[in-house]
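Enquirer: I have a structure here, written as structure tokens, and I will follow up with some questions on it.
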Amino acid sequence: MTLTAKDVAEIIRILEESSFDQLTLEMDGVKLSLERGSALPRVPAFTPAASPPPNSPLQPIAKPPSEPGLLEITAPLLGIFYVAPRPGEPPFVEVGSKVGEQTVVGIIEVMKLMHTVCAGVKGEVTEILVKNGAAIEYGEVLMRVRPEA
């Protein structure tokens, strides 16, 4: 069986109408990979600094903030966290960097797909709690930010 242009158009239509961002189809030695959009998705990851509920299995334990009033940037997905766009390149942010709501602070790799993580808040990065290449869980605190006054 081979795929015709009409088949591919129908597959694209189905992908566009679905909630999925990517589709890979393999048939008879032919591999078709489709991805919606041309840019990496931007996932806001800001959550107010607060104590997780007691005995909550989804909230990894983070070290306490170094100062009161800091806001936390948490992982919106589980996966592998990267601080730079590619190996050998400078990190997106460092301690002392000023960030805005749409500032990319890292990338999370999930099943070979890269998802950018935006700060979601304005301020100055005071702590980076996750090392480059570390496996992270949903809700894990990645960074802390001193909010802009």
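By convention here, the chains of the structure tokens are called A, B, ... in the order presented, each chain's residues are numbered starting at 1, and ligands are numbered starting at 1 in the order presented.
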Could you list, as an MDAnalysis selection string, every residue within 6 Å of region 129-134 of chain A, counting only C-alpha atoms and ignoring same-chain residues fewer than 4 positions away?

Expert: chainID A and resid 80:83 142:143

Enquirer: Could the residues in this selection be written to a file with N, CA and C atoms, as a CSV table (one decimal), in the first residue's frame?

Expert:
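New file selection-v1.csv:
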chain,number,residue,atom,x,y,z
A,80,ILE,N,13.4,15.6,30.6
A,80,ILE,CA,14.8,16.0,30.9
A,80,ILE,C,14.9,17.5,30.7
A,81,PHE,N,15.5,18.2,31.7
A,81,PHE,CA,15.6,19.6,31.6
A,81,PHE,C,17.0,20.1,31.1
A,82,TYR,N,16.9,21.0,30.2
A,82,TYR,CA,18.2,21.6,29.6
A,82,TYR,C,18.2,23.1,29.8
A,83,VAL,N,19.3,23.6,30.2
A,83,VAL,CA,19.5,25.0,30.5
A,83,VAL,C,19.8,25.9,29.3
A,142,LEU,N,12.1,24.5,39.4
A,142,LEU,CA,13.3,24.6,38.6
A,142,LEU,C,14.1,25.8,39.0
A,143,MET,N,13.4,26.9,39.3
A,143,MET,CA,14.1,28.2,39.6
A,143,MET,C,13.3,29.0,40.5

Enquirer: If we count only C-alpha atoms and set the cut-off at 7 Å, which residues sit around Val121 (chain A), ignoring sequence neighbours fewer than 2 positions away in its own chain? Please answer as a ChimeraX atom specification.

Expert: /A:46,100-101,119,123

Enquirer: Go ahead and write the residues just picked, N, CA and C atoms, as a short mmCIF file (atom, residue, chain, number, x, y, z; two decimals), in the first residue's frame.

Expert:
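Contents of the output file result.cif:
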data_model
loop_
_atom_site.label_atom_id
_atom_site.label_comp_id
_atom_site.auth_asym_id
_atom_site.auth_seq_id
_atom_site.Cartn_x
_atom_site.Cartn_y
_atom_site.Cartn_z
N PHE A 46 5.15 29.37 35.57
CA PHE A 46 5.13 30.09 36.84
C PHE A 46 4.05 29.57 37.76
N GLY A 100 11.25 38.14 31.99
CA GLY A 100 9.87 38.59 31.82
C GLY A 100 8.99 37.36 31.69
N GLU A 101 7.70 37.58 31.58
CA GLU A 101 6.77 36.46 31.53
C GLU A 101 7.06 35.50 30.37
N ALA A 119 9.32 31.80 31.85
CA ALA A 119 9.33 32.17 33.27
C ALA A 119 7.92 32.38 33.81
N GLY A 123 11.04 39.46 36.94
CA GLY A 123 11.90 39.58 38.11
C GLY A 123 13.32 39.16 37.80
#

Enquirer: Please determine, counting only C-alpha atoms, which residue among A:Glu140, A:Glu109, A:Glu35, A:Asp7 has the shortest atom-to-atom distance to Asp21 (chain A).

Expert: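 Checking each of A:Glu140, A:Glu109, A:Glu35, A:Asp7 against Asp21 (chain A), counting only C-alpha atoms, the winner is A:Glu35.
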
Enquirer: Interatomic distance between CA of Glu124 (chain A) and CA of Ile107 (chain A)?

Expert: 18.9 Å

Enquirer: Separation of CA of Leu77 (chain A) and CA of Glu137 (chain A), in Å?

Expert: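 Computed distance, CA of Leu77 (chain A) to CA of Glu137 (chain A), equals 6.7 Å.
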
Enquirer: So that I can check the surroundings of Ala84 (chain A), please list as number ranges by chain every protein, DNA and RNA residue that reaches within 10 Å of it, counting only C-alpha atoms and ignoring chain neighbours fewer than 3 positions away.

Expert: A: 81, 87-93, 104-107, 132-133

Enquirer: Neighbouring residues of Val95 (chain A) were defined as those with any atom within 8 Å, considering only C-alpha atoms; residues of the same chain fewer than 5 positions away were excluded. Please report them as a list in words.

Expert: Glu124, Val125, Thr126, Glu127 and Ile128 of chain A

Enquirer: When distances are computed from only C-alpha atoms, which of A:Met111, A:Leu34, A:Lys63, A:Lys98 shows the smallest separation from Val8 (chain A)?

Expert: A:Leu34

Enquirer: Measuring between only C-alpha atoms, which one of A:Thr116, A:Thr4, A:Thr74, A:Gln102 shows the shortest distance to Arg144 (chain A)?

Expert: A:Thr74

Enquirer: Go through A:Met114, A:Ile73, A:Ile14, A:Val141 and flag the residue nearest Val99 (chain A), using only C-alpha atoms for the distances.

Expert: A:Ile73

Enquirer: Between CA of Tyr138 (chain A) and CA of His115 (chain A), what distance in Å does the model show, to one decimal?

Expert: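 Between CA of Tyr138 (chain A) and CA of His115 (chain A) the gap works out to 13.2 Å.
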
Enquirer: Assign secondary structure with DSSP using the backbone only, and return the residues of region 9-148 of chain A in helix (DSSP H, G or I) as a PyMOL selection string.

Expert: chain A and resi 9-17

Enquirer: Taking C-alpha atoms for each residue, export the selection above as a compact mmCIF listing (two decimals), in the first residue's frame.

Expert:
# COMPACT_ATOMS: atom_id res chain seq x y z
CA ALA A 9 -3.84 15.72 2.78
CA GLU A 10 -6.45 13.77 4.77
CA ILE A 11 -3.88 12.85 7.44
CA ILE A 12 -2.86 16.51 7.72
CA ARG A 13 -6.53 17.54 8.05
CA ILE A 14 -7.04 14.99 10.83
CA LEU A 15 -3.92 16.22 12.66
CA GLU A 16 -5.06 19.85 12.38
CA GLU A 17 -8.47 18.98 13.84
